[in-house]
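Containing mmCIF, C-alpha atoms: my_file.cif.
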```
data_data
#
loop_
_atom_site.group_PDB
_atom_site.id
_atom_site.type_symbol
_atom_site.label_atom_id
_atom_site.label_comp_id
_atom_site.auth_asym_id
_atom_site.auth_seq_id
_atom_site.Cartn_x
_atom_site.Cartn_y
_atom_site.Cartn_z
ATOM 1 C CA MET U 1 37.880 -6.084 25.584
ATOM 2 C CA ALA U 2 39.283 -9.612 25.789
ATOM 3 C CA ALA U 3 39.658 -11.482 22.494
ATOM 4 C CA SER U 4 39.819 -15.182 21.594
ATOM 5 C CA ASN U 5 42.483 -14.845 18.867
ATOM 6 C CA GLY U 6 44.758 -12.343 17.135
ATOM 7 C CA ALA U 7 42.214 -11.333 14.500
ATOM 8 C CA PHE U 8 39.641 -10.552 17.140
ATOM 9 C CA THR U 9 42.221 -8.602 19.134
ATOM 10 C CA TYR U 10 42.901 -6.270 16.190
ATOM 11 C CA ILE U 11 39.245 -5.579 15.417
ATOM 12 C CA ILE U 12 38.170 -5.053 19.010
ATOM 13 C CA SER U 13 41.101 -2.771 19.803
ATOM 14 C CA ASN U 14 39.960 -0.538 16.939
ATOM 15 C CA PHE U 15 36.306 -0.686 17.963
ATOM 16 C CA ALA U 16 36.205 2.927 19.231
ATOM 17 C CA VAL U 17 37.956 4.253 16.132
ATOM 18 C CA ALA U 18 35.565 2.494 13.772
ATOM 19 C CA LYS U 19 32.570 3.708 15.685
ATOM 20 C CA SER U 20 33.563 7.335 16.220
ATOM 21 C CA ARG U 21 35.363 8.183 12.978
ATOM 22 C CA ARG U 22 33.648 6.127 10.307
ATOM 23 C CA GLY U 23 30.046 6.149 11.467
ATOM 24 C CA PRO U 24 27.334 3.556 12.216
ATOM 25 C CA LEU U 25 28.148 1.255 9.262
ATOM 26 C CA SER U 26 31.732 0.756 10.435
ATOM 27 C CA PHE U 27 30.403 0.069 13.920
ATOM 28 C CA LEU U 28 28.162 -2.702 12.606
ATOM 29 C CA LEU U 29 30.952 -4.270 10.571
ATOM 30 C CA ALA U 30 33.267 -4.267 13.567
ATOM 31 C CA PHE U 31 30.617 -5.751 15.819
ATOM 32 C CA MET U 32 29.992 -8.648 13.436
ATOM 33 C CA TYR U 33 33.490 -9.937 14.223
ATOM 34 C CA CYS U 34 33.208 -9.493 17.987
ATOM 35 C CA ASP U 35 32.494 -12.287 20.396
ATOM 36 C CA LEU U 36 29.045 -11.567 21.880
ATOM 37 C CA ALA U 37 30.397 -12.300 25.340
ATOM 38 C CA ASP U 38 32.813 -9.381 24.940
ATOM 39 C CA PHE U 39 29.930 -6.938 24.406
ATOM 40 C CA ASN U 40 29.126 -7.193 28.101
ATOM 41 C CA ASP U 41 32.526 -5.663 28.872
ATOM 42 C CA ILE U 42 31.465 -2.240 27.519
ATOM 43 C CA VAL U 43 31.367 0.281 30.360
ATOM 44 C CA MET U 44 28.253 2.460 30.338
ATOM 45 C CA ILE U 45 29.085 6.143 30.682
ATOM 46 C CA ASP U 46 27.287 8.017 33.441
ATOM 47 C CA LYS U 47 25.344 11.018 32.117
ATOM 48 C CA GLN U 48 25.992 13.065 35.250
ATOM 49 C CA LYS U 49 29.713 12.499 34.802
ATOM 50 C CA VAL U 50 29.572 13.796 31.227
ATOM 51 C CA GLU U 51 27.475 16.784 32.298
ATOM 52 C CA ALA U 52 30.044 17.680 34.960
ATOM 53 C CA LEU U 53 32.824 17.435 32.373
ATOM 54 C CA VAL U 54 30.941 19.707 29.968
ATOM 55 C CA GLU U 55 30.408 22.240 32.761
ATOM 56 C CA GLN U 56 34.143 22.191 33.412
ATOM 57 C CA ALA U 57 34.881 22.587 29.693
ATOM 58 C CA ILE U 58 32.713 25.716 29.400
ATOM 59 C CA GLU U 59 33.698 27.168 32.778
ATOM 60 C CA ASN U 60 34.550 30.891 32.705
ATOM 61 C CA THR U 61 32.594 31.376 29.482
ATOM 62 C CA ASP U 62 29.014 32.537 28.929
ATOM 63 C CA ALA U 63 28.086 29.220 27.304
ATOM 64 C CA TYR U 64 25.518 26.856 28.773
ATOM 65 C CA ILE U 65 24.213 23.348 28.188
ATOM 66 C CA VAL U 66 20.976 23.162 26.214
ATOM 67 C CA ASP U 67 20.702 19.383 25.997
ATOM 68 C CA LEU U 68 22.828 16.326 26.702
ATOM 69 C CA THR U 69 22.045 12.698 25.904
ATOM 70 C CA VAL U 70 23.960 9.469 26.408
ATOM 71 C CA SER U 71 22.513 6.425 24.624
ATOM 72 C CA GLY U 72 22.812 2.819 25.691
ATOM 73 C CA ASP U 73 25.640 2.474 23.153
ATOM 74 C CA ASN U 74 27.531 5.395 24.729
ATOM 75 C CA ASP U 75 26.701 7.787 21.903
ATOM 76 C CA ILE U 76 27.127 11.198 23.522
ATOM 77 C CA VAL U 77 25.378 14.229 22.012
ATOM 78 C CA VAL U 78 25.931 17.661 23.566
ATOM 79 C CA GLU U 79 24.092 20.851 22.556
ATOM 80 C CA ILE U 80 25.460 24.146 23.832
ATOM 81 C CA ASP U 81 24.638 27.811 23.317
ATOM 82 C CA SER U 82 25.450 31.275 24.647
ATOM 83 C CA PRO U 83 23.830 34.723 24.590
ATOM 84 C CA THR U 84 25.930 35.555 21.523
ATOM 85 C CA GLY U 85 25.906 32.064 19.992
ATOM 86 C CA VAL U 86 28.723 29.521 19.669
ATOM 87 C CA ASP U 87 30.856 28.821 16.620
ATOM 88 C CA LEU U 88 32.494 25.698 15.233
ATOM 89 C CA ASP U 89 35.856 26.427 16.872
ATOM 90 C CA PHE U 90 34.276 26.681 20.312
ATOM 91 C CA CYS U 91 32.406 23.384 19.831
ATOM 92 C CA ALA U 92 35.634 21.734 18.669
ATOM 93 C CA GLU U 93 37.460 22.982 21.771
ATOM 94 C CA VAL U 94 34.755 21.616 24.072
ATOM 95 C CA SER U 95 34.892 18.295 22.214
ATOM 96 C CA ARG U 96 38.682 18.161 22.626
ATOM 97 C CA LYS U 97 38.440 18.773 26.378
ATOM 98 C CA LEU U 98 35.830 16.019 26.739
ATOM 99 C CA ASN U 99 37.940 13.557 24.760
ATOM 100 C CA ASP U 100 40.923 14.380 26.958
ATOM 101 C CA ALA U 101 38.867 13.693 30.080
ATOM 102 C CA LEU U 102 37.316 10.421 28.880
ATOM 103 C CA ASP U 103 39.208 7.169 28.306
ATOM 104 C CA ARG U 104 38.280 5.261 25.142
ATOM 105 C CA ASP U 105 40.132 2.193 26.405
ATOM 106 C CA VAL U 106 37.730 1.996 29.343
ATOM 107 C CA GLU U 107 34.592 3.726 28.056
ATOM 108 C CA ASP U 108 34.047 3.131 24.351
ATOM 109 C CA TYR U 109 31.978 6.044 23.047
ATOM 110 C CA SER U 110 31.179 8.407 20.202
ATOM 111 C CA LEU U 111 30.965 12.153 20.814
ATOM 112 C CA GLU U 112 29.102 14.940 19.044
ATOM 113 C CA VAL U 113 29.233 18.540 20.268
ATOM 114 C CA GLY U 114 27.218 21.191 18.456
ATOM 115 C CA SER U 115 25.293 24.425 18.833
ATOM 116 C CA ALA U 116 21.571 24.470 19.484
ATOM 117 C CA SER U 117 19.504 25.004 16.344
ATOM 118 C CA LEU U 118 17.745 28.373 16.116
ATOM 119 C CA SER U 119 14.603 26.618 14.867
ATOM 120 C CA ALA U 120 14.503 24.045 17.690
ATOM 121 C CA PRO U 121 12.121 24.432 20.665
ATOM 122 C CA PHE U 122 13.509 26.173 23.737
ATOM 123 C CA LYS U 123 14.696 23.725 26.394
ATOM 124 C CA VAL U 124 16.328 25.816 29.131
ATOM 125 C CA ARG U 125 15.730 29.165 30.843
ATOM 126 C CA GLN U 126 18.804 30.747 29.274
ATOM 127 C CA GLN U 127 17.266 30.362 25.808
ATOM 128 C CA TYR U 128 14.233 32.373 26.908
ATOM 129 C CA GLU U 129 16.558 35.037 28.297
ATOM 130 C CA LYS U 130 18.539 35.086 25.050
ATOM 131 C CA HIS U 131 15.398 35.781 23.023
ATOM 132 C CA LEU U 132 13.864 38.490 25.216
ATOM 133 C CA GLY U 133 12.494 41.100 22.822
ATOM 134 C CA ASP U 134 12.172 38.602 19.971
ATOM 135 C CA ASP U 135 8.946 37.254 18.495
ATOM 136 C CA VAL U 136 8.225 33.625 19.389
ATOM 137 C CA ASP U 137 5.696 30.993 18.373
ATOM 138 C CA VAL U 138 3.943 29.100 21.146
ATOM 139 C CA LEU U 139 1.992 25.855 20.887
ATOM 140 C CA THR U 140 0.107 25.136 24.099
ATOM 141 C CA ARG U 141 -0.921 21.693 25.286
ATOM 142 C CA ASP U 142 -4.587 22.580 24.773
ATOM 143 C CA GLY U 143 -3.908 23.276 21.088
ATOM 144 C CA ARG U 144 -3.642 27.065 20.990
ATOM 145 C CA LYS U 145 -1.159 28.608 18.573
ATOM 146 C CA LEU U 146 0.130 31.976 19.736
ATOM 147 C CA LYS U 147 2.588 34.503 18.398
ATOM 148 C CA GLY U 148 3.975 37.292 20.512
ATOM 149 C CA THR U 149 7.005 39.174 21.713
ATOM 150 C CA LEU U 150 8.863 37.480 24.561
ATOM 151 C CA THR U 151 9.085 40.054 27.342
ATOM 152 C CA ALA U 152 9.946 38.135 30.523
ATOM 153 C CA VAL U 153 10.907 34.776 32.006
ATOM 154 C CA SER U 154 10.734 33.829 35.665
ATOM 155 C CA GLU U 155 13.932 33.263 37.638
ATOM 156 C CA ASP U 156 13.207 29.535 37.952
ATOM 157 C CA GLY U 157 12.290 29.275 34.275
ATOM 158 C CA ALA U 158 8.839 27.899 35.049
ATOM 159 C CA GLU U 159 6.886 30.792 33.464
ATOM 160 C CA PHE U 160 7.345 33.294 30.684
ATOM 161 C CA THR U 161 5.419 36.279 29.378
ATOM 162 C CA ILE U 162 4.679 37.247 25.808
ATOM 163 C CA GLU U 163 3.031 40.382 24.497
ATOM 164 C CA VAL U 164 0.267 39.502 22.061
ATOM 165 C CA THR U 165 -1.730 41.885 19.895
ATOM 166 C CA ARG U 166 -5.412 41.577 19.177
ATOM 167 C CA LYS U 167 -8.155 43.674 17.632
ATOM 168 C CA VAL U 168 -10.312 45.563 20.121
ATOM 169 C CA LYS U 169 -13.216 47.819 19.286
ATOM 170 C CA GLU U 170 -13.347 50.636 21.785
ATOM 171 C CA PRO U 171 -16.756 52.052 22.746
ATOM 172 C CA GLY U 172 -17.771 54.717 20.256
ATOM 173 C CA ALA U 173 -14.946 53.866 17.847
ATOM 174 C CA LYS U 174 -15.796 53.205 14.229
ATOM 175 C CA ARG U 175 -13.039 50.658 13.699
ATOM 176 C CA PRO U 176 -11.245 48.162 15.930
ATOM 177 C CA VAL U 177 -7.694 48.947 16.931
ATOM 178 C CA MET U 178 -4.751 46.671 17.653
ATOM 179 C CA VAL U 179 -3.988 46.412 21.358
ATOM 180 C CA ALA U 180 -0.934 44.769 22.918
ATOM 181 C CA GLU U 181 -1.632 42.690 25.998
ATOM 182 C CA PRO U 182 0.725 40.660 28.221
ATOM 183 C CA LEU U 183 0.085 36.936 28.537
ATOM 184 C CA THR U 184 1.908 34.805 31.101
ATOM 185 C CA LEU U 185 2.191 31.092 30.415
ATOM 186 C CA ALA U 186 3.620 28.140 32.324
ATOM 187 C CA VAL U 187 6.338 26.288 30.448
ATOM 188 C CA ALA U 188 4.717 23.024 31.554
ATOM 189 C CA ASP U 189 1.505 24.056 29.762
ATOM 190 C CA CYS U 190 3.300 24.472 26.425
ATOM 191 C CA LYS U 191 4.252 21.769 23.955
ATOM 192 C CA GLN U 192 6.881 23.994 22.428
ATOM 193 C CA VAL U 193 8.152 27.547 22.227
ATOM 194 C CA THR U 194 10.274 28.489 19.228
ATOM 195 C CA TYR U 195 11.887 31.536 17.693
ATOM 196 C CA HIS U 196 9.594 33.133 15.111
ATOM 197 C CA PHE U 197 10.990 33.438 11.604
ATOM 198 C CA ASP U 198 9.477 36.234 9.564
ATOM 199 C CA PHE U 199 9.883 35.418 5.878
ATOM 200 C CA LYS U 200 8.170 38.540 4.613
#
```
Could I get this file's structure written as structure tokens?
Amino acid sequence: MAASNGAFTYIISNFAVAKSRRGPLSFLLAFMYCDLADFNDIVMIDKQKVEALVEQAIENTDAYIVDLTVSGDNDIVVEIDSPTGVDLDFCAEVSRKLNDALDRDVEDYSLEVGSASLSAPFKVRQQYEKHLGDDVDVLTRDGRKLKGTLTAVSEDGAEFTIEVTRKVKEPGAKRPVMVAEPLTLAVADCKQVTYHFDFK
């Protein structure tokens, strides 16, 4: 950014450092000393560009992108996962590769790379595949709450199947029995699908 005097030059040149290393408060303090006209010089980072860079960073691994957001202030948040999970070292390596590929002098930004939370709703097909055989909780858009074992997901990720159990009284039987039945749902018809935690 251009600056009107030496003091402004120092603060603005350290704008990225204050924002990325010291958090939102440091960002606000730095911005208070900036000329408002200089704020227009911030280059907005293209989300597709970041996504391509993440794909390159995880190439030749079994990791995949779960979610990626870029705010208007160039705050980048990347969630990744893999069939076996990702650890802190892997996230740090991806973050390093992204920092190497981006230029803070041109595109001021903050970057956060982390693993997808096990309790968070599924967002991509690979998460359904990862949890095949696991129990999941489903909340449909018409308000139904279902629990079942995830048994299948379509190739395009648009549908999935769970096996639900219900009580059925067979003709002539004295007591109802539990019967497992497959139920196929459209992802678009569900508000959320999450891994089921059994605390018993």
Expected answer as number ranges by chain: all residues with atoms within 8 Å of (11.4, 42.3, 13.9), all atoms listed in the file: U: 134-135, 198
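The list of residues with at least one atom within 9 Å of Gly114 in chain U, based on all atoms listed in the file and without residues fewer than 5 positions apart in the same chain, reads Val77, Val78, Glu79, Ile80, Asp81, Val86, Asp87, Leu88, Cys91 and Ala92 of chain U.
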Expected selection from the PyMOL selection byres ((chain U and resi 55-64) around 10), given as a PyMOL selection string: chain U and resi 49-54+65-67+79-86+90-91+93-98+101+124+126-127
Matched chain/residue IDs from the PyMOL selection byres ((chain U and resi 138) around 12), as an MDAnalysis selection string: chainID U and resid 121:122 135:137 139:150 160:164 183:187 189:196
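Coordinates place CA of Lys167 in chain U at a distance of 22.9 Å from CA of Ala152 in chain U.
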In Å, rounded to a single decimal, give me how far CA of Tyr109 in chain U is from CA of Asp73 in chain U. 7.3 Å
Just say which residues the PyMOL selection byres ((chain U and resi 168) around 8) picks in this file, as a list in words.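 That selection, the PyMOL selection byres ((chain U and resi 168) around 8), comes back as Arg166, Lys167, Lys169, Glu170, Pro176, Val177, Met178 and Val179 of chain U.
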Of the listed residues U:Glu129, U:Ile76, U:Thr69, U:Lys123, that which approaches Leu102 in chain U most closely, counting all atoms listed in the file: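 Among the listed residues, U:Ile76 lies closest to Leu102 in chain U.
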Pick from U:Asp75, U:Asp46, U:Glu112, U:Glu155: nearest to Arg125 in chain U, with all atoms listed in the file counted?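 Among U:Asp75, U:Asp46, U:Glu112, U:Glu155, it is U:Glu155 that comes nearest to Arg125 in chain U.
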For Tyr128 in chain U, which of U:Pro182, U:Gly157, U:Pro171, U:Gly72 is the closest residue, counting only C-alpha atoms?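 Looking only at the distances to Tyr128 in chain U, the closest residue turns out to be U:Gly157.
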Once 4 Å is added on each side, what centre and edge lengths in Å to one decimal does the axis-aligned box around all listed atoms of range 55-72 of chain U have, as JSON?
```
{"center_x": 27.8, "center_y": 17.7, "center_z": 29.0, "size_x": 22.2, "size_y": 37.7, "size_z": 16.8}
```
So, counting only C-alpha atoms, which residue among U:Asp89, U:Thr165, U:Ala116, U:Leu111 is closest to Glu181 in chain U?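 Answer, going by the shortest atom-to-atom distance: U:Thr165.
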Could you please fill out range 155-179 of chain U with N, CA and C atoms and send it back as a PDB file, keeping the file's coordinate frame?
```
ATOM      1  N   GLU U 155      12.576  33.631  37.220  1.00  0.00           N
ATOM      2  CA  GLU U 155      13.932  33.263  37.638  1.00  0.00           C
ATOM      3  C   GLU U 155      14.139  31.759  37.630  1.00  0.00           C
ATOM      4  N   ASP U 156      13.083  30.998  37.944  1.00  0.00           N
ATOM      5  CA  ASP U 156      13.207  29.535  37.952  1.00  0.00           C
ATOM      6  C   ASP U 156      12.900  28.920  36.589  1.00  0.00           C
ATOM      7  N   GLY U 157      12.553  29.762  35.623  1.00  0.00           N
ATOM      8  CA  GLY U 157      12.290  29.275  34.275  1.00  0.00           C
ATOM      9  C   GLY U 157      10.976  28.552  34.110  1.00  0.00           C
ATOM     10  N   ALA U 158      10.101  28.631  35.101  1.00  0.00           N
ATOM     11  CA  ALA U 158       8.839  27.899  35.049  1.00  0.00           C
ATOM     12  C   ALA U 158       7.760  28.648  34.266  1.00  0.00           C
ATOM     13  N   GLU U 159       7.890  29.981  34.167  1.00  0.00           N
ATOM     14  CA  GLU U 159       6.886  30.792  33.464  1.00  0.00           C
ATOM     15  C   GLU U 159       7.577  31.811  32.566  1.00  0.00           C
ATOM     16  N   PHE U 160       6.856  32.233  31.553  1.00  0.00           N
ATOM     17  CA  PHE U 160       7.345  33.294  30.684  1.00  0.00           C
ATOM     18  C   PHE U 160       6.167  34.151  30.245  1.00  0.00           C
ATOM     19  N   THR U 161       6.466  35.344  29.793  1.00  0.00           N
ATOM     20  CA  THR U 161       5.419  36.279  29.378  1.00  0.00           C
ATOM     21  C   THR U 161       5.671  36.732  27.953  1.00  0.00           C
ATOM     22  N   ILE U 162       4.607  36.708  27.161  1.00  0.00           N
ATOM     23  CA  ILE U 162       4.679  37.247  25.808  1.00  0.00           C
ATOM     24  C   ILE U 162       3.666  38.372  25.672  1.00  0.00           C
ATOM     25  N   GLU U 163       3.955  39.291  24.789  1.00  0.00           N
ATOM     26  CA  GLU U 163       3.031  40.382  24.497  1.00  0.00           C
ATOM     27  C   GLU U 163       2.344  40.064  23.179  1.00  0.00           C
ATOM     28  N   VAL U 164       1.033  39.853  23.254  1.00  0.00           N
ATOM     29  CA  VAL U 164       0.267  39.502  22.061  1.00  0.00           C
ATOM     30  C   VAL U 164      -0.611  40.691  21.660  1.00  0.00           C
ATOM     31  N   THR U 165      -0.878  40.801  20.383  1.00  0.00           N
ATOM     32  CA  THR U 165      -1.730  41.885  19.895  1.00  0.00           C
ATOM     33  C   THR U 165      -3.041  41.309  19.390  1.00  0.00           C
ATOM     34  N   ARG U 166      -4.103  42.002  19.670  1.00  0.00           N
ATOM     35  CA  ARG U 166      -5.412  41.577  19.177  1.00  0.00           C
ATOM     36  C   ARG U 166      -6.256  42.798  18.855  1.00  0.00           C
ATOM     37  N   LYS U 167      -7.268  42.576  18.023  1.00  0.00           N
ATOM     38  CA  LYS U 167      -8.155  43.674  17.632  1.00  0.00           C
ATOM     39  C   LYS U 167      -9.197  43.916  18.721  1.00  0.00           C
ATOM     40  N   VAL U 168      -9.328  45.179  19.103  1.00  0.00           N
ATOM     41  CA  VAL U 168     -10.312  45.563  20.121  1.00  0.00           C
ATOM     42  C   VAL U 168     -11.089  46.777  19.609  1.00  0.00           C
ATOM     43  N   LYS U 169     -12.386  46.686  19.697  1.00  0.00           N
ATOM     44  CA  LYS U 169     -13.216  47.819  19.286  1.00  0.00           C
ATOM     45  C   LYS U 169     -13.628  48.600  20.525  1.00  0.00           C
ATOM     46  N   GLU U 170     -13.046  49.782  20.645  1.00  0.00           N
ATOM     47  CA  GLU U 170     -13.347  50.636  21.785  1.00  0.00           C
ATOM     48  C   GLU U 170     -14.764  51.210  21.661  1.00  0.00           C
ATOM     49  N   PRO U 171     -15.407  51.459  22.793  1.00  0.00           N
ATOM     50  CA  PRO U 171     -16.756  52.052  22.746  1.00  0.00           C
ATOM     51  C   PRO U 171     -16.755  53.381  21.991  1.00  0.00           C
ATOM     52  N   GLY U 172     -17.654  53.493  21.036  1.00  0.00           N
ATOM     53  CA  GLY U 172     -17.771  54.717  20.256  1.00  0.00           C
ATOM     54  C   GLY U 172     -16.841  54.781  19.067  1.00  0.00           C
ATOM     55  N   ALA U 173     -15.891  53.851  18.970  1.00  0.00           N
ATOM     56  CA  ALA U 173     -14.946  53.866  17.847  1.00  0.00           C
ATOM     57  C   ALA U 173     -15.588  53.233  16.623  1.00  0.00           C
ATOM     58  N   LYS U 174     -15.242  53.748  15.458  1.00  0.00           N
ATOM     59  CA  LYS U 174     -15.796  53.205  14.229  1.00  0.00           C
ATOM     60  C   LYS U 174     -15.097  51.915  13.812  1.00  0.00           C
ATOM     61  N   ARG U 175     -13.815  51.825  14.102  1.00  0.00           N
ATOM     62  CA  ARG U 175     -13.039  50.658  13.699  1.00  0.00           C
ATOM     63  C   ARG U 175     -12.281  50.065  14.892  1.00  0.00           C
ATOM     64  N   PRO U 176     -12.047  48.770  14.861  1.00  0.00           N
ATOM     65  CA  PRO U 176     -11.245  48.162  15.930  1.00  0.00           C
ATOM     66  C   PRO U 176      -9.782  48.579  15.805  1.00  0.00           C
ATOM     67  N   VAL U 177      -9.112  48.591  16.914  1.00  0.00           N
ATOM     68  CA  VAL U 177      -7.694  48.947  16.931  1.00  0.00           C
ATOM     69  C   VAL U 177      -6.899  47.768  17.491  1.00  0.00           C
ATOM     70  N   MET U 178      -5.618  47.726  17.154  1.00  0.00           N
ATOM     71  CA  MET U 178      -4.751  46.671  17.653  1.00  0.00           C
ATOM     72  C   MET U 178      -4.230  47.065  19.032  1.00  0.00           C
ATOM     73  N   VAL U 179      -4.404  46.161  19.979  1.00  0.00           N
ATOM     74  CA  VAL U 179      -3.988  46.412  21.358  1.00  0.00           C
ATOM     75  C   VAL U 179      -3.027  45.327  21.799  1.00  0.00           C
TER      76      VAL U 179
END
```
